[in-house]
Amino acid sequence: MRKRKPTPRRTTSAPPDNSPRRDAATHLLRGTCYGLGTSLAGLAAWWIQHHG
């Protein structure tokens, strides 16, 4: 019984890792996550102070 040759996987045409667009998107996502985390922590602290 013959083994089948593996088919090559298709690769996407993503920009290289050091592209300015990718860097900007990464920083935007990171800033959004930090902002959401800070907001949630502040809201939790406010809620504990007013309901605790």
# chains A, B, ... in the order shown; residues from 1 in each chain; ligands from 1
$ select_by_dssp --residues "chain A" --states "alpha helix (DSSP H)" --output "PyMOL selection string"
chain A and resi 20-51
$ atom_distance --atom1 "atom CA of His51 of chain A" --atom2 "atom CA of Gly37 of chain A"
20.7 Å
$ atom_distance --atom1 "atom CA of Arg10 of chain A" --atom2 "atom CA of Leu28 of chain A"
28.8 Å
$ atom_distance --atom1 "atom CA of Ala41 of chain A" --atom2 "atom CA of His27 of chain A"
20.9 Å
